[in-house]
$ cat start00.cif   # mmCIF, C-alpha atoms
data_final
#
loop_
_atom_site.group_PDB
_atom_site.id
_atom_site.type_symbol
_atom_site.label_atom_id
_atom_site.label_comp_id
_atom_site.auth_asym_id
_atom_site.auth_seq_id
_atom_site.Cartn_x
_atom_site.Cartn_y
_atom_site.Cartn_z
ATOM 1 C CA ARG K 1 161.569 -53.570 -87.002
ATOM 2 C CA SER K 2 159.165 -56.283 -88.166
ATOM 3 C CA ILE K 3 157.473 -53.816 -90.550
ATOM 4 C CA ILE K 4 160.835 -52.943 -92.126
ATOM 5 C CA LEU K 5 161.689 -56.636 -92.512
ATOM 6 C CA ILE K 6 158.354 -57.340 -94.222
ATOM 7 C CA PHE K 7 158.922 -54.400 -96.590
ATOM 8 C CA LEU K 8 162.413 -55.616 -97.514
ATOM 9 C CA LEU K 9 161.234 -59.183 -98.073
ATOM 10 C CA GLN K 10 158.363 -57.933 -100.211
ATOM 11 C CA ASN K 11 160.776 -56.016 -102.441
ATOM 12 C CA VAL K 12 162.983 -59.110 -102.782
ATOM 13 C CA VAL K 13 159.949 -61.146 -103.859
ATOM 14 C CA TYR K 14 158.901 -58.467 -106.371
ATOM 15 C CA ALA K 15 162.413 -58.257 -107.845
ATOM 16 C CA HIS K 16 162.629 -62.043 -108.093
ATOM 17 C CA ASP K 17 159.203 -62.271 -109.755
ATOM 18 C CA LEU K 18 160.091 -59.477 -112.181
ATOM 19 C CA GLU K 19 163.257 -61.335 -113.195
ATOM 20 C CA LYS K 20 161.245 -64.505 -113.775
ATOM 21 C CA THR K 21 158.693 -62.531 -115.789
ATOM 22 C CA GLU K 22 161.362 -61.077 -118.070
ATOM 23 C CA ASN K 23 162.919 -64.494 -118.790
ATOM 24 C CA ARG K 24 159.808 -66.657 -119.028
ATOM 25 C CA THR K 25 158.506 -67.987 -122.308
ATOM 26 C CA CYS K 26 154.953 -67.280 -121.097
ATOM 27 C CA ILE K 27 152.451 -68.497 -123.668
ATOM 28 C CA PHE K 28 154.010 -69.040 -127.100
ATOM 29 C CA ALA K 29 153.763 -71.761 -129.721
ATOM 30 C CA ASN K 30 156.538 -74.263 -128.939
ATOM 31 C CA GLU K 31 157.713 -71.823 -126.261
ATOM 32 C CA LYS K 32 159.189 -69.557 -128.936
ATOM 33 C CA PRO K 33 158.036 -65.899 -128.955
ATOM 34 C CA PRO K 34 157.397 -63.861 -132.088
ATOM 35 C CA THR K 35 160.249 -61.628 -133.218
ATOM 36 C CA ARG K 36 161.387 -59.111 -130.624
ATOM 37 C CA PHE K 37 163.166 -55.849 -131.330
ATOM 38 C CA ALA K 38 166.387 -54.775 -129.642
ATOM 39 C CA GLY K 39 166.334 -51.697 -127.440
ATOM 40 C CA GLU K 40 165.931 -50.705 -123.802
ATOM 41 C CA GLN K 41 162.437 -49.360 -124.458
ATOM 42 C CA TYR K 42 161.037 -52.836 -125.177
ATOM 43 C CA ARG K 43 159.763 -55.035 -122.370
ATOM 44 C CA GLN K 44 158.198 -58.473 -122.326
ATOM 45 C CA ILE K 45 155.343 -58.657 -119.847
ATOM 46 C CA CYS K 46 153.796 -61.867 -118.578
ATOM 47 C CA GLN K 47 150.360 -60.400 -117.903
ATOM 48 C CA MET K 48 149.821 -61.448 -114.321
ATOM 49 C CA GLN K 49 147.048 -61.126 -111.767
ATOM 50 C CA ASN K 50 147.366 -62.649 -108.288
ATOM 51 C CA TYR K 51 150.593 -64.251 -109.519
ATOM 52 C CA VAL K 52 148.801 -66.147 -112.279
ATOM 53 C CA ASP K 53 149.962 -65.247 -115.796
ATOM 54 C CA TYR K 54 147.346 -65.320 -118.546
ATOM 55 C CA TYR K 55 149.115 -64.097 -121.686
ATOM 56 C CA ALA K 56 152.250 -62.282 -122.855
ATOM 57 C CA THR K 57 152.766 -58.768 -124.195
ATOM 58 C CA PHE K 58 155.745 -57.182 -125.941
ATOM 59 C CA TYR K 59 155.569 -53.515 -124.932
ATOM 60 C CA ASP K 60 157.212 -50.299 -126.179
ATOM 61 C CA THR K 61 157.743 -47.979 -123.193
ATOM 62 C CA ASP K 62 158.697 -45.029 -125.443
ATOM 63 C CA LYS K 63 155.569 -45.144 -127.606
ATOM 64 C CA ARG K 64 153.534 -46.412 -124.614
ATOM 65 C CA ILE K 65 151.710 -49.060 -126.623
ATOM 66 C CA PRO K 66 152.072 -52.835 -126.957
ATOM 67 C CA LEU K 67 153.552 -54.158 -130.196
ATOM 68 C CA TYR K 68 151.792 -57.480 -129.716
ATOM 69 C CA SER K 69 150.097 -59.789 -127.234
ATOM 70 C CA ALA K 70 150.325 -63.592 -127.487
ATOM 71 C CA TYR K 71 147.821 -65.974 -125.943
ATOM 72 C CA LYS K 72 146.048 -69.334 -126.214
ATOM 73 C CA PHE K 73 142.425 -69.927 -127.167
ATOM 74 C CA LYS K 74 140.365 -72.856 -125.858
ATOM 75 C CA GLU K 75 136.668 -72.135 -126.314
ATOM 76 C CA ILE K 76 134.090 -69.356 -126.199
ATOM 77 C CA LYS K 77 133.319 -68.475 -122.583
ATOM 78 C CA ASN K 78 131.075 -65.394 -123.045
ATOM 79 C CA CYS K 79 132.901 -63.538 -120.272
ATOM 80 C CA THR K 80 131.717 -60.177 -118.953
ATOM 81 C CA ARG K 81 133.684 -56.938 -119.333
ATOM 82 C CA LEU K 82 135.346 -54.820 -116.649
ATOM 83 C CA ASN K 83 134.577 -51.116 -116.334
ATOM 84 C CA ASN K 84 138.096 -50.200 -115.173
ATOM 85 C CA TRP K 85 141.579 -50.584 -116.626
ATOM 86 C CA TYR K 86 144.706 -51.864 -114.935
ATOM 87 C CA ILE K 87 148.302 -50.665 -115.362
ATOM 88 C CA GLU K 88 151.661 -52.422 -114.825
ATOM 89 C CA PRO K 89 153.597 -51.268 -111.709
ATOM 90 C CA GLN K 90 156.734 -53.078 -112.915
ATOM 91 C CA LEU K 91 157.155 -50.698 -115.858
ATOM 92 C CA ASP K 92 157.450 -47.510 -113.791
ATOM 93 C CA ASP K 93 158.833 -48.826 -110.511
ATOM 94 C CA ASP K 94 161.814 -51.194 -110.500
ATOM 95 C CA ASN K 95 160.505 -52.642 -107.239
ATOM 96 C CA GLY K 96 156.915 -52.741 -108.461
ATOM 97 C CA SER K 97 154.749 -55.812 -108.295
ATOM 98 C CA PRO K 98 154.472 -57.995 -111.422
ATOM 99 C CA ASN K 99 150.725 -58.087 -110.792
ATOM 100 C CA MET K 100 148.605 -55.566 -112.664
ATOM 101 C CA GLN K 101 146.981 -52.937 -110.443
ATOM 102 C CA PHE K 102 144.512 -50.085 -110.718
ATOM 103 C CA GLU K 103 145.842 -46.536 -111.009
ATOM 104 C CA ASN K 104 144.449 -45.458 -107.641
ATOM 105 C CA GLU K 105 147.113 -47.523 -105.880
ATOM 106 C CA LYS K 106 150.340 -45.690 -105.060
ATOM 107 C CA ILE K 107 152.989 -46.461 -107.686
ATOM 108 C CA GLN K 108 156.278 -44.608 -107.955
ATOM 109 C CA GLY K 109 156.744 -42.764 -111.275
ATOM 110 C CA LEU K 110 153.309 -43.796 -112.538
ATOM 111 C CA GLY K 111 152.887 -43.160 -116.264
ATOM 112 C CA VAL K 112 156.517 -42.481 -117.152
ATOM 113 C CA HIS K 113 156.801 -45.662 -119.225
ATOM 114 C CA GLN K 114 153.177 -46.553 -119.957
ATOM 115 C CA ALA K 115 149.837 -45.110 -120.980
ATOM 116 C CA LEU K 116 147.312 -44.048 -118.376
ATOM 117 C CA ASP K 117 143.541 -43.850 -118.504
ATOM 118 C CA GLU K 118 143.608 -40.056 -118.800
ATOM 119 C CA ASP K 119 145.615 -40.321 -122.042
ATOM 120 C CA TYR K 120 142.545 -41.776 -123.760
ATOM 121 C CA ARG K 121 139.939 -39.394 -122.353
ATOM 122 C CA ASN K 122 138.506 -37.121 -125.067
ATOM 123 C CA SER K 123 141.153 -38.426 -127.469
ATOM 124 C CA GLY K 124 138.699 -39.648 -130.093
ATOM 125 C CA TYR K 125 140.141 -43.173 -129.863
ATOM 126 C CA ASP K 126 139.046 -46.350 -128.100
ATOM 127 C CA ARG K 127 141.293 -48.417 -125.862
ATOM 128 C CA GLY K 128 141.609 -51.202 -128.423
ATOM 129 C CA HIS K 129 142.290 -54.650 -126.929
ATOM 130 C CA LEU K 130 145.003 -56.804 -128.467
ATOM 131 C CA ALA K 131 144.213 -59.948 -126.478
ATOM 132 C CA PRO K 132 140.402 -59.603 -126.565
ATOM 133 C CA VAL K 133 137.727 -60.435 -124.031
ATOM 134 C CA PHE K 134 135.845 -62.631 -126.511
ATOM 135 C CA GLN K 135 138.786 -65.037 -126.853
ATOM 136 C CA ALA K 136 139.625 -65.226 -123.116
ATOM 137 C CA GLU K 137 139.787 -68.713 -121.624
ATOM 138 C CA SER K 138 138.175 -67.730 -118.302
ATOM 139 C CA GLN K 139 136.541 -64.800 -116.528
ATOM 140 C CA SER K 140 139.746 -64.042 -114.637
ATOM 141 C CA CYS K 141 141.635 -64.073 -117.947
ATOM 142 C CA ALA K 142 139.025 -61.715 -119.447
ATOM 143 C CA ASP K 143 139.523 -59.359 -116.493
ATOM 144 C CA ALA K 144 143.297 -59.488 -117.095
ATOM 145 C CA THR K 145 142.839 -58.239 -120.672
ATOM 146 C CA PHE K 146 141.773 -54.890 -119.212
ATOM 147 C CA THR K 147 145.278 -53.543 -118.747
ATOM 148 C CA LEU K 148 146.389 -50.543 -120.773
ATOM 149 C CA THR K 149 149.556 -52.442 -121.696
ATOM 150 C CA ASN K 150 147.232 -54.687 -123.745
ATOM 151 C CA ALA K 151 145.548 -51.754 -125.503
ATOM 152 C CA ALA K 152 146.388 -49.233 -128.208
ATOM 153 C CA PRO K 153 144.471 -46.235 -129.604
ATOM 154 C CA GLN K 154 141.961 -47.649 -132.080
ATOM 155 C CA ASN K 155 139.554 -45.863 -134.379
ATOM 156 C CA PRO K 156 136.163 -46.292 -132.629
ATOM 157 C CA SER K 157 134.305 -47.257 -135.796
ATOM 158 C CA PHE K 158 137.004 -49.855 -136.562
ATOM 159 C CA ASN K 159 137.117 -51.228 -133.016
ATOM 160 C CA ARG K 160 133.347 -51.573 -132.789
ATOM 161 C CA GLY K 161 132.894 -52.444 -136.460
ATOM 162 C CA GLN K 162 135.071 -54.503 -138.784
ATOM 163 C CA TRP K 163 137.692 -55.448 -136.177
ATOM 164 C CA ARG K 164 135.031 -56.690 -133.788
ATOM 165 C CA VAL K 165 133.447 -58.703 -136.598
ATOM 166 C CA LEU K 166 136.846 -60.210 -137.422
ATOM 167 C CA GLU K 167 137.520 -61.197 -133.799
ATOM 168 C CA ARG K 168 134.149 -62.906 -133.581
ATOM 169 C CA ASN K 169 134.526 -64.700 -136.935
ATOM 170 C CA ILE K 170 138.000 -65.978 -136.044
ATOM 171 C CA THR K 171 136.782 -67.205 -132.662
ATOM 172 C CA ILE K 172 133.818 -69.073 -134.134
ATOM 173 C CA PHE K 173 136.085 -70.620 -136.786
ATOM 174 C CA LEU K 174 138.642 -71.765 -134.220
ATOM 175 C CA GLN K 175 136.007 -73.277 -131.974
ATOM 176 C CA SER K 176 134.681 -75.267 -134.919
ATOM 177 C CA GLU K 177 137.810 -76.211 -136.874
ATOM 178 C CA CYS K 178 140.587 -76.344 -134.268
ATOM 179 C CA LYS K 179 138.884 -78.007 -131.307
ATOM 180 C CA LEU K 180 141.287 -80.974 -131.543
ATOM 181 C CA TYR K 181 144.342 -78.702 -131.636
ATOM 182 C CA THR K 182 146.119 -76.286 -129.304
ATOM 183 C CA VAL K 183 145.437 -72.786 -130.603
ATOM 184 C CA TYR K 184 147.974 -69.957 -130.342
ATOM 185 C CA ILE K 185 147.136 -66.380 -131.350
ATOM 186 C CA VAL K 186 149.285 -63.282 -131.722
ATOM 187 C CA THR K 187 147.646 -59.868 -132.131
ATOM 188 C CA GLY K 188 149.567 -56.654 -132.628
ATOM 189 C CA VAL K 189 149.856 -53.172 -134.040
ATOM 190 C CA VAL K 190 152.169 -51.134 -136.230
ATOM 191 C CA PRO K 191 153.012 -47.725 -134.716
ATOM 192 C CA GLY K 192 151.876 -44.786 -136.848
ATOM 193 C CA THR K 193 152.828 -41.108 -136.866
ATOM 194 C CA LYS K 194 150.080 -39.588 -134.695
ATOM 195 C CA ASN K 195 149.926 -39.344 -130.908
ATOM 196 C CA ILE K 196 147.192 -38.874 -128.347
ATOM 197 C CA SER K 197 147.881 -36.550 -125.395
ATOM 198 C CA ASP K 198 151.376 -36.020 -126.877
ATOM 199 C CA ARG K 199 152.412 -39.294 -125.225
ATOM 200 C CA VAL K 200 150.793 -42.375 -126.716
ATOM 201 C CA LYS K 201 151.420 -43.483 -130.313
ATOM 202 C CA VAL K 202 148.417 -44.206 -132.530
ATOM 203 C CA PRO K 203 148.849 -47.388 -134.623
ATOM 204 C CA SER K 204 148.614 -47.236 -138.395
ATOM 205 C CA HIS K 205 147.590 -50.919 -138.560
ATOM 206 C CA PHE K 206 146.143 -53.684 -136.393
ATOM 207 C CA TRP K 207 146.950 -57.328 -137.207
ATOM 208 C CA THR K 208 146.307 -60.821 -135.861
ATOM 209 C CA ALA K 209 147.325 -64.396 -136.688
ATOM 210 C CA PHE K 210 146.548 -67.857 -135.364
ATOM 211 C CA CYS K 211 148.238 -71.250 -135.493
ATOM 212 C CA CYS K 212 146.557 -74.551 -134.550
ATOM 213 C CA LEU K 213 149.169 -77.045 -133.320
ATOM 214 C CA ASP K 214 148.662 -80.815 -133.393
ATOM 215 C CA ASN K 215 150.028 -83.316 -130.858
ATOM 216 C CA ASN K 216 153.404 -83.186 -132.619
ATOM 217 C CA LYS K 217 153.468 -79.403 -132.122
ATOM 218 C CA LYS K 218 153.123 -78.769 -135.846
ATOM 219 C CA CYS K 219 150.804 -76.119 -137.212
ATOM 220 C CA GLN K 220 147.958 -77.683 -139.209
ATOM 221 C CA ILE K 221 145.729 -74.625 -139.683
ATOM 222 C CA SER K 222 146.865 -70.999 -139.711
ATOM 223 C CA ARG K 223 145.836 -67.617 -141.043
ATOM 224 C CA GLY K 224 146.751 -63.933 -140.784
ATOM 225 C CA PHE K 225 144.806 -60.688 -141.003
ATOM 226 C CA ILE K 226 145.802 -57.031 -141.143
ATOM 227 C CA GLY K 227 143.886 -53.786 -141.496
ATOM 228 C CA VAL K 228 144.562 -50.063 -141.410
ATOM 229 C CA ASN K 229 143.251 -48.269 -138.325
ATOM 230 C CA GLU K 230 140.000 -47.350 -140.063
ATOM 231 C CA ASN K 231 136.656 -49.113 -140.397
ATOM 232 C CA ILE K 232 137.720 -51.090 -143.462
ATOM 233 C CA ILE K 233 137.572 -54.884 -143.793
ATOM 234 C CA PRO K 234 141.003 -56.300 -142.794
ATOM 235 C CA LYS K 235 142.978 -58.257 -145.358
ATOM 236 C CA ASN K 236 142.848 -62.070 -145.083
ATOM 237 C CA GLU K 237 146.169 -63.714 -145.998
ATOM 238 C CA THR K 238 148.584 -66.509 -145.165
ATOM 239 C CA VAL K 239 150.803 -66.154 -142.114
ATOM 240 C CA LYS K 240 153.868 -66.003 -144.358
ATOM 241 C CA ASP K 241 152.357 -63.145 -146.381
ATOM 242 C CA LEU K 242 151.484 -61.305 -143.181
ATOM 243 C CA GLU K 243 155.046 -61.752 -141.942
ATOM 244 C CA LYS K 244 156.390 -60.258 -145.178
ATOM 245 C CA GLU K 245 154.014 -57.320 -144.884
ATOM 246 C CA LEU K 246 155.061 -56.732 -141.275
ATOM 247 C CA GLU K 247 158.729 -56.833 -142.287
ATOM 248 C CA ASN K 248 158.037 -53.911 -144.614
ATOM 249 C CA LEU K 249 155.912 -51.992 -142.127
ATOM 250 C CA TYR K 250 158.345 -52.480 -139.228
ATOM 251 C CA LYS K 251 161.316 -51.964 -141.580
ATOM 252 C CA VAL K 252 163.117 -55.117 -140.428
ATOM 253 C CA LYS K 253 164.806 -57.912 -142.370
ATOM 254 C CA SER K 254 162.805 -60.680 -140.748
ATOM 255 C CA PHE K 255 159.669 -60.959 -138.643
ATOM 256 C CA LYS K 256 158.350 -64.320 -137.445
ATOM 257 C CA LEU K 257 154.965 -64.748 -135.816
ATOM 258 C CA PHE K 258 155.408 -68.445 -135.078
ATOM 259 C CA ASP K 259 158.703 -70.280 -134.775
ATOM 260 C CA ASN K 260 159.936 -72.395 -137.702
ATOM 261 C CA SER K 261 159.638 -75.478 -135.490
ATOM 262 C CA THR K 262 155.846 -75.256 -135.835
ATOM 263 C CA GLU K 263 155.968 -75.760 -139.599
ATOM 264 C CA PRO K 264 154.982 -79.269 -140.772
ATOM 265 C CA PRO K 265 157.577 -81.116 -142.873
ATOM 266 C CA ALA K 266 157.205 -80.565 -146.591
ATOM 267 C CA LYS K 267 155.267 -83.264 -148.340
ATOM 268 C CA GLU K 268 157.308 -85.363 -150.733
ATOM 269 C CA LYS K 269 156.264 -85.120 -154.345
ATOM 270 C CA LYS K 270 155.217 -88.392 -155.904
ATOM 271 C CA SER K 271 157.489 -89.423 -158.746
ATOM 272 C CA LYS K 272 155.874 -89.888 -162.081
ATOM 273 C CA LYS K 273 156.181 -93.348 -163.542
#
$ encode --input "start00.cif" --output "structure tokens"
Amino acid sequence: RSIILIFLLQNVVYAHDLEKTENRTCIFANEKPPTRFAGEQYRQICQMQNYVDYYATFYDTDKRIPLYSAYKFKEIKNCTRLNNWYIEPQLDDDNGSPNMQFENEKIQGLGVHQALDEDYRNSGYDRGHLAPVFQAESQSCADATFTLTNAAPQNPSFNRGQWRVLERNITIFLQSECKLYTVYIVTGVVPGTKNISDRVKVPSHFWTAFCCLDNNKKCQISRGFIGVNENIIPKNETVKDLEKELENLYKVKSFKLFDNSTEPPAKEKKSKK
């Protein structure tokens, strides 16, 4: 009887935590997430380990890839990398834990709504991080980036070449130029037309943007980058230009990376005497 009671209480806790996860603002500039799309296939995940959430992911359960991950950057920690990848029990099991787990743990319906490690084997693509290890704020946060809900199929030469260079250059810039600000980053993909293992969509583009907020929660330094899923140098542009490009690629009327509340007031033009 006590075992049954513990099981029922555990499921109540999981359901309650899942509800909180769905409705939380997680880690967004001014607590406002980037644009979300309507549809039952989309899920917001507060990426959680041991009930500590480290970053947020907007996930497409049909295409089995994240559309974007949002996170904060503090400083370079030089964290080590895991050799294994987690999955999200909550996506396949309504009573699943909100904490990421390894695949060898028993999870009901595993893989129905998310990618699995076997999808990437011999696919010719890397598991490309959105929230990267190099920008993690702690070792535990770096470990939490190794969930397949934070990864999408990435051209190996791109992942290990120009995209890696970009991640490093952005990180070094932020550590130097935004150390007095609170730094928010959003990194995402645009779904393409190809699939791996007939289940997981291959992105046509990878993109990233950052916003450095001052004490008044206004963005003082920002930039956006986007590149096709090939080993070509990503384009460097303003956040507004990136948003316009993403509107075209996603085929939506509006796409905001950072809420309008982060924009500094327009400077008044001096009148000519």
$ residues_around --input "start00.cif" --residues "segment 161-163 of chain K" --least-positions-apart "3" --cutoff "10 Å" --atoms "all atoms listed in the file" --output "PyMOL selection string"
chain K and resi 128+154-158+166-169+206-207+226-227+229-234
$ closest_residue --input "start00.cif" --among "K:Ser176, K:Asn104, K:Thr238, K:Thr208" --to "Ser222 of chain K" --atoms "only C-alpha atoms"
K:Thr238
$ atom_distance --input "start00.cif" --atom1 "atom CA of Glu177 of chain K" --atom2 "atom CA of Lys77 of chain K"
16.9 Å
$ closest_residue --input "start00.cif" --among "K:Thr182, K:Ser123, K:Gln135, K:Ser140" --to "Ile170 of chain K" --atoms "all atoms listed in the file"
K:Gln135
$ closest_residue --input "start00.cif" --among "K:Asn248, K:Gln47, K:Asn216, K:Asn159" --to "Ala144 of chain K" --atoms "only C-alpha atoms"
K:Gln47
$ residues_around --input "start00.cif" --residues "Glu75 of chain K" --least-positions-apart "5" --cutoff "10 Å" --atoms "all atoms listed in the file" --output "short mmCIF file (atom, residue, chain, number, x, y, z; two decimals) with C-alpha atoms, in the coordinates of the input"
data_model
loop_
_atom_site.label_atom_id
_atom_site.label_comp_id
_atom_site.auth_asym_id
_atom_site.auth_seq_id
_atom_site.Cartn_x
_atom_site.Cartn_y
_atom_site.Cartn_z
CA PHE K 134 135.84 -62.63 -126.51
CA GLN K 135 138.79 -65.04 -126.85
CA ALA K 136 139.62 -65.23 -123.12
CA GLU K 137 139.79 -68.71 -121.62
CA SER K 138 138.18 -67.73 -118.30
CA THR K 171 136.78 -67.20 -132.66
CA ILE K 172 133.82 -69.07 -134.13
CA LEU K 174 138.64 -71.76 -134.22
CA GLN K 175 136.01 -73.28 -131.97
CA SER K 176 134.68 -75.27 -134.92
CA CYS K 178 140.59 -76.34 -134.27
CA LYS K 179 138.88 -78.01 -131.31
CA VAL K 183 145.44 -72.79 -130.60
#
$ resolve_selection --input "start00.cif" --expression "the PyMOL selection byres ((chain K and resi 87) around 7)" --output "number ranges by chain"
K: 85-86, 88-89, 100-103, 147-149
$ write_last_selection --input "start00.cif" --atoms "C-alpha atoms" --output "mmCIF file, keeping the file's coordinate frame"
data_model
loop_
_atom_site.group_PDB
_atom_site.id
_atom_site.type_symbol
_atom_site.label_atom_id
_atom_site.label_comp_id
_atom_site.auth_asym_id
_atom_site.auth_seq_id
_atom_site.Cartn_x
_atom_site.Cartn_y
_atom_site.Cartn_z
ATOM 1 C CA TRP K 85 141.579 -50.584 -116.626
ATOM 2 C CA TYR K 86 144.706 -51.864 -114.935
ATOM 3 C CA GLU K 88 151.661 -52.422 -114.825
ATOM 4 C CA PRO K 89 153.597 -51.268 -111.709
ATOM 5 C CA MET K 100 148.605 -55.566 -112.664
ATOM 6 C CA GLN K 101 146.981 -52.937 -110.443
ATOM 7 C CA PHE K 102 144.512 -50.085 -110.718
ATOM 8 C CA GLU K 103 145.842 -46.536 -111.009
ATOM 9 C CA THR K 147 145.278 -53.543 -118.747
ATOM 10 C CA LEU K 148 146.389 -50.543 -120.773
ATOM 11 C CA THR K 149 149.556 -52.442 -121.696
#
$ resolve_selection --input "start00.cif" --expression "the PyMOL selection byres ((chain K and resi 201) around 8)" --output "count of residues only"
15
$ closest_residue --input "start00.cif" --among "K:Asp214, K:Gly224, K:Leu242, K:Arg164" --to "Pro264 of chain K" --atoms "only C-alpha atoms"
K:Asp214
$ closest_residue --input "start00.cif" --among "K:Phe28, K:Phe225, K:Tyr125, K:Tyr184" --to "Glu243 of chain K" --atoms "all atoms listed in the file"
K:Phe225
$ resolve_selection --input "start00.cif" --expression "the PyMOL selection byres ((chain K and resi 70) around 9)" --output "list in words"
Cys26, Ile27, Phe28, Pro33, Pro34, Tyr55, Ala56, Thr57, Phe58, Tyr68, Ser69, Tyr71, Lys72, Leu130, Ala131, Tyr184, Ile185, Val186, Thr187 and Gly188 of chain K
$ atom_distance --input "start00.cif" --atom1 "atom CA of Gln49 of chain K" --atom2 "atom CA of Asn99 of chain K"
4.9 Å
$ closest_residue --input "start00.cif" --among "K:Asn122, K:Asn84, K:Asn30, K:Asn236" --to "Cys219 of chain K" --atoms "only C-alpha atoms"
K:Asn30
